[in-house]
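Quick look at start27.txt (compact mmCIF, C-alpha atoms):
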```txt
# COMPACT_ATOMS: atom_id res chain seq x y z
CA MET N 207 45.71 35.16 80.78
CA LEU N 208 46.21 38.91 80.30
CA PHE N 209 44.81 41.45 82.77
CA THR N 210 44.44 45.08 81.67
CA LYS N 211 43.20 48.19 83.48
CA TYR N 212 44.15 51.87 83.70
CA GLY N 213 46.39 51.39 80.66
CA ARG N 214 48.43 48.72 82.42
CA SER N 215 48.72 45.07 81.49
CA VAL N 216 50.17 41.99 83.12
CA THR N 217 50.07 38.28 82.36
CA SER N 218 48.93 35.76 84.93
CA ALA N 219 52.41 34.20 84.84
CA ASN N 220 54.03 37.52 85.76
CA LEU N 221 51.49 37.98 88.53
CA CYS N 222 52.82 34.87 90.23
CA ALA N 223 56.34 36.27 90.29
CA ASP N 224 55.03 39.61 91.53
CA TYR N 225 53.07 37.95 94.34
CA ALA N 226 56.07 35.89 95.38
CA ALA N 227 58.12 39.09 95.67
CA HIS N 228 55.57 41.35 97.38
CA LYS N 229 53.15 38.91 99.09
CA GLU N 230 50.20 40.52 97.33
CA PHE N 231 48.80 41.23 93.89
CA PRO N 232 49.08 44.79 92.52
CA LYS N 233 46.16 46.85 93.82
CA TRP N 234 44.61 47.32 90.39
CA VAL N 235 44.73 43.56 89.73
CA ALA N 236 43.29 42.79 93.16
CA GLU N 237 40.45 45.18 92.30
CA LEU N 238 39.73 43.22 89.11
CA PHE N 239 39.68 39.98 91.08
CA ARG N 240 37.39 41.44 93.77
CA ASN N 241 34.96 42.58 91.08
CA GLU N 242 34.89 39.06 89.67
CA LEU N 243 34.46 37.69 93.19
CA HIS N 244 31.10 39.47 93.48
CA ALA N 245 29.57 36.90 91.14
CA LEU N 246 30.85 34.05 93.30
CA PHE N 247 29.45 35.74 96.40
CA ILE N 248 26.03 35.94 94.75
CA ARG N 249 26.15 32.24 93.89
CA CYS N 250 27.55 31.00 97.20
CA ARG N 251 27.58 33.11 100.34
CA ASN N 252 28.55 30.18 102.57
CA LEU N 253 32.03 28.93 101.74
CA ASP N 254 33.46 25.51 102.48
CA ASP N 255 35.78 24.66 105.37
CA ALA N 256 38.39 27.38 105.93
CA LYS N 257 41.21 24.86 106.12
CA SER N 258 40.57 23.50 102.62
CA ASN N 259 39.19 26.77 101.19
CA ALA N 260 38.51 24.82 97.99
CA ILE N 261 35.96 27.19 96.41
CA ILE N 262 38.22 30.24 96.60
CA LYS N 263 41.16 28.15 95.38
CA LYS N 264 39.16 27.04 92.33
CA PHE N 265 38.36 30.69 91.67
CA LEU N 266 42.02 31.72 91.84
CA LYS N 267 43.27 28.75 89.84
CA ILE N 268 41.03 29.72 86.92
CA LEU N 269 42.28 33.31 86.98
CA VAL N 270 45.93 32.47 87.61
CA PRO N 271 46.53 28.89 86.43
CA GLU N 272 50.29 29.23 86.90
CA ILE N 273 49.93 29.97 90.62
CA GLY N 274 52.29 27.88 92.73
CA GLU N 275 51.41 26.02 95.90
CA GLN N 276 53.74 28.22 97.93
CA ILE N 277 51.61 31.33 97.39
CA PHE N 278 48.30 29.59 96.68
CA ASP N 279 47.15 29.20 100.31
CA ASP N 280 48.18 32.74 101.23
CA ALA N 281 46.37 34.37 98.31
CA ALA N 282 43.26 32.23 98.79
CA SER N 283 43.15 33.10 102.49
CA LYS N 284 43.22 36.83 101.72
CA PHE N 285 40.33 36.53 99.27
CA ARG N 286 38.38 34.48 101.80
CA SER N 287 38.73 37.35 104.28
CA ILE N 288 37.02 39.58 101.69
CA PHE N 289 34.10 37.16 101.67
CA ILE N 290 33.82 37.38 105.46
CA GLU N 291 33.78 41.18 105.28
CA TRP N 292 31.05 41.02 102.64
CA TRP N 293 28.96 38.72 104.86
CA HIS N 294 28.87 41.47 107.47
CA ILE N 295 28.00 44.13 104.89
CA LEU N 296 25.15 42.04 103.48
CA TRP N 297 23.84 41.14 106.94
CA THR N 298 23.85 44.79 108.04
CA LYS N 299 21.84 45.79 104.96
CA ILE N 300 19.39 42.93 105.52
CA ASN N 301 18.80 43.95 109.14
CA LYS N 302 18.15 47.54 108.07
CA LEU N 303 15.67 46.26 105.49
CA PHE N 304 13.93 44.13 108.14
CA THR N 305 13.38 47.20 110.33
CA ASN N 306 11.95 49.11 107.35
CA LEU N 307 9.67 46.19 106.46
CA GLN N 308 8.25 46.11 109.99
CA THR N 309 7.42 49.81 109.70
CA ARG N 310 5.77 49.40 106.30
CA ALA N 311 3.83 46.27 107.16
CA LYS N 312 2.88 47.45 110.67
CA SER N 313 3.13 43.78 111.52
CA ASP N 314 5.56 40.97 112.31
CA ASP N 315 3.61 38.51 110.18
CA ILE N 316 6.18 36.91 107.91
CA ASN N 317 3.94 36.96 104.83
CA ALA N 318 3.21 40.66 105.35
CA LEU N 319 6.94 41.33 105.58
CA PHE N 320 7.61 39.39 102.37
CA ALA N 321 4.80 41.26 100.59
CA ASN N 322 6.48 44.58 101.36
CA ILE N 323 9.85 43.72 99.79
CA SER N 324 10.10 45.83 96.64
CA ALA N 325 12.32 45.52 93.59
CA GLU N 326 14.11 48.64 94.83
CA ASP N 327 14.81 46.89 98.15
CA VAL N 328 16.43 44.03 96.26
CA ARG N 329 18.61 46.45 94.28
CA LYS N 330 19.68 48.38 97.40
CA VAL N 331 20.64 45.33 99.43
CA TRP N 332 22.56 43.74 96.56
CA HIS N 333 23.93 46.96 95.04
CA GLN N 334 27.56 46.45 96.03
CA PHE N 335 27.59 42.90 94.68
CA LEU N 336 26.00 43.78 91.33
CA VAL N 337 28.51 46.43 90.22
CA ASN N 338 30.36 44.00 87.93
CA ILE N 339 27.38 41.85 86.96
CA ASP N 340 26.13 42.02 83.37
CA ILE N 341 22.38 42.08 84.01
CA THR N 342 21.61 42.71 80.32
CA ALA N 343 23.55 39.61 79.26
CA ILE N 344 21.85 37.53 81.95
CA HIS N 345 18.41 38.66 80.75
CA SER N 346 19.37 37.95 77.15
CA GLU N 347 20.55 34.45 78.02
CA SER N 348 17.33 33.73 79.90
CA ASN N 349 15.10 35.10 77.11
CA GLY N 350 14.22 38.24 79.03
CA SER N 351 13.01 36.51 82.20
CA ASN N 352 13.58 38.04 85.62
CA ASP N 353 14.75 34.75 87.17
CA PHE N 354 17.98 36.39 88.32
CA GLU N 355 16.21 39.13 90.28
CA LYS N 356 13.73 36.54 91.59
CA SER N 357 16.65 34.51 92.94
CA LEU N 358 17.99 37.56 94.78
CA PHE N 359 14.49 38.27 96.13
CA ASP N 360 14.23 34.67 97.37
CA VAL N 361 17.53 35.02 99.22
CA LEU N 362 16.20 38.14 100.96
CA CYS N 363 13.09 36.22 102.03
CA ALA N 364 15.33 33.46 103.36
CA SER N 365 17.19 36.07 105.43
CA ILE N 366 14.11 37.89 106.75
CA TRP N 367 12.57 34.66 108.03
CA PRO N 368 15.20 33.84 110.73
CA ILE N 369 15.48 37.49 111.81
CA ASN N 370 11.74 37.45 112.48
CA PHE N 371 11.77 34.27 114.55
CA TYR N 372 15.20 33.99 116.23
CA ASN N 373 17.61 36.12 118.22
CA PRO N 374 20.12 38.09 116.10
CA LYS N 375 23.09 35.75 116.59
CA ASN N 376 21.12 32.59 115.81
CA ALA N 377 19.37 34.29 112.89
CA GLN N 378 22.67 35.16 111.24
CA THR N 379 24.02 31.63 111.73
CA LEU N 380 20.85 30.09 110.31
CA PHE N 381 20.87 32.35 107.27
CA PHE N 382 24.48 31.75 106.29
CA ASN N 383 24.21 28.01 106.84
CA LEU N 384 20.97 27.32 105.01
CA ASN N 385 21.71 24.54 102.56
CA ASN N 386 19.42 24.87 99.59
CA ASP N 387 19.28 26.14 96.02
CA LEU N 388 19.19 29.74 97.22
CA TYR N 389 22.85 29.33 98.07
CA THR N 390 23.88 27.70 94.84
CA VAL N 391 22.21 29.96 92.31
CA THR N 392 22.00 27.86 89.17
CA LEU N 393 21.70 30.85 86.85
CA ASN N 394 24.83 31.95 85.07
CA VAL N 395 26.00 35.07 86.91
CA LEU N 396 27.69 36.79 83.98
CA THR N 397 30.21 39.57 84.59
CA LEU N 398 31.08 42.71 82.65
CA SER N 399 34.62 41.43 82.22
CA SER N 400 33.17 38.40 80.37
CA TRP N 401 35.53 36.16 82.36
CA ASN N 402 32.53 34.55 84.09
CA VAL N 403 34.81 32.69 86.48
CA ALA N 404 32.15 32.14 89.14
CA THR N 405 29.77 30.60 86.63
CA SER N 406 32.40 28.08 85.58
CA ILE N 407 32.81 26.75 89.15
CA ASP N 408 30.68 23.70 90.02
CA LEU N 409 29.10 24.38 93.42
CA SER N 410 26.90 21.29 93.55
```
Produce structure tokens that represent the structure in this file.
Amino acid sequence: MLFTKYGRSVTSANLCADYAAHKEFPKWVAELFRNELHALFIRCRNLDDAKSNAIIKKFLKILVPEIGEQIFDDAASKFRSIFIEWWHILWTKINKLFTNLQTRAKSDDINALFANISAEDVRKVWHQFLVNIDITAIHSESNGSNDFEKSLFDVLCASIWPINFYNPKNAQTLFFNLNNDLYTVTLNVLTLSSWNVATSIDLS
């Protein structure tokens, strides 16, 4: 596989040698990988056991099939830490939205809170994670439906519910451990790079 950005190019095979020498990917390559990782985060915000780290390893193996076992665990662990950072970013945005919803709804009734979530709210909360997502291609593939945005809206509802009924620590744990289709988005989350790595990973 060939990676190109800022007029620079490198093969996935050469990346392995570079990682072995420097214990990290070049910054511009790591940026490409992080952009692609956004799609995986949208599909699955709760990763598997940290010791196995299988989901992130699948992700890396698709991008860099030549990666050796010696550097595999180290690289996968670093990308997992990005996921953990993103959890906190998403949760902070969700809590801010919850406060705004209470003000708008003038109520703690869960249905009133849901009714006040706007399309703009969905875009703001998910903005960081949509920067490399090809929304136009997703709409085209789904014949113009808004199923993708509806899925993101449903995830927000699933996050607002525990905040409304539980203390902050328990609410966060409940949200990130909910085991349902909201956390394995079945839609193809297509990326601007057209690599679509996250879509190719079976999360069932």
Residues within 9 Å of Pro271 in chain N, please, as a short mmCIF file (atom, residue, chain, number, x, y, z; two decimals) with C-alpha atoms, keeping the file's coordinate frame. Count all atoms listed in the file; anything in the same chain fewer than 2 positions from it doesn't count.
```
data_model
loop_
_atom_site.label_atom_id
_atom_site.label_comp_id
_atom_site.auth_asym_id
_atom_site.auth_seq_id
_atom_site.Cartn_x
_atom_site.Cartn_y
_atom_site.Cartn_z
CA MET N 207 45.71 35.16 80.78
CA SER N 218 48.93 35.76 84.93
CA ALA N 219 52.41 34.20 84.84
CA LEU N 266 42.02 31.72 91.84
CA LYS N 267 43.27 28.75 89.84
CA ILE N 268 41.03 29.72 86.92
CA LEU N 269 42.28 33.31 86.98
CA ILE N 273 49.93 29.97 90.62
CA GLY N 274 52.29 27.88 92.73
#
```
>> Between CA of Ala404 in chain N and CA of Phe265 in chain N, what is the distance in Å, rounded to a tenth?
In response: 6.9 Å
>> List as a list in words the residues having at least one atom at most 9 Å from position (31.4, 40.8, 84.3) as given in the file, counting all atoms listed in the file.
In response: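 All residues meeting the 9 Å criterion around (31.4, 40.8, 84.3) are Asn241, Glu242, Ala245, Val337, Asn338, Ile339, Asp340, Val395, Leu396, Thr397, Leu398, Ser399, Ser400, Trp401 and Asn402 of chain N.
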> Using all atoms listed in the file, which residues sit within 12 Å of range 372-377 of chain N once same-chain residues fewer than 6 positions away are excluded, as a VMD selection string?
Replying inline: chain N and resid 297 to 298 300 to 301 304 364 to 366 383 to 384
> Looking at N:Trp367, N:Trp293, N:Ser348, N:Gln276, which one is nearest to Leu307 in chain N, with distances taken over only C-alpha atoms?
Replying inline: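 Closest to Leu307 in chain N of all the choices is N:Trp367.
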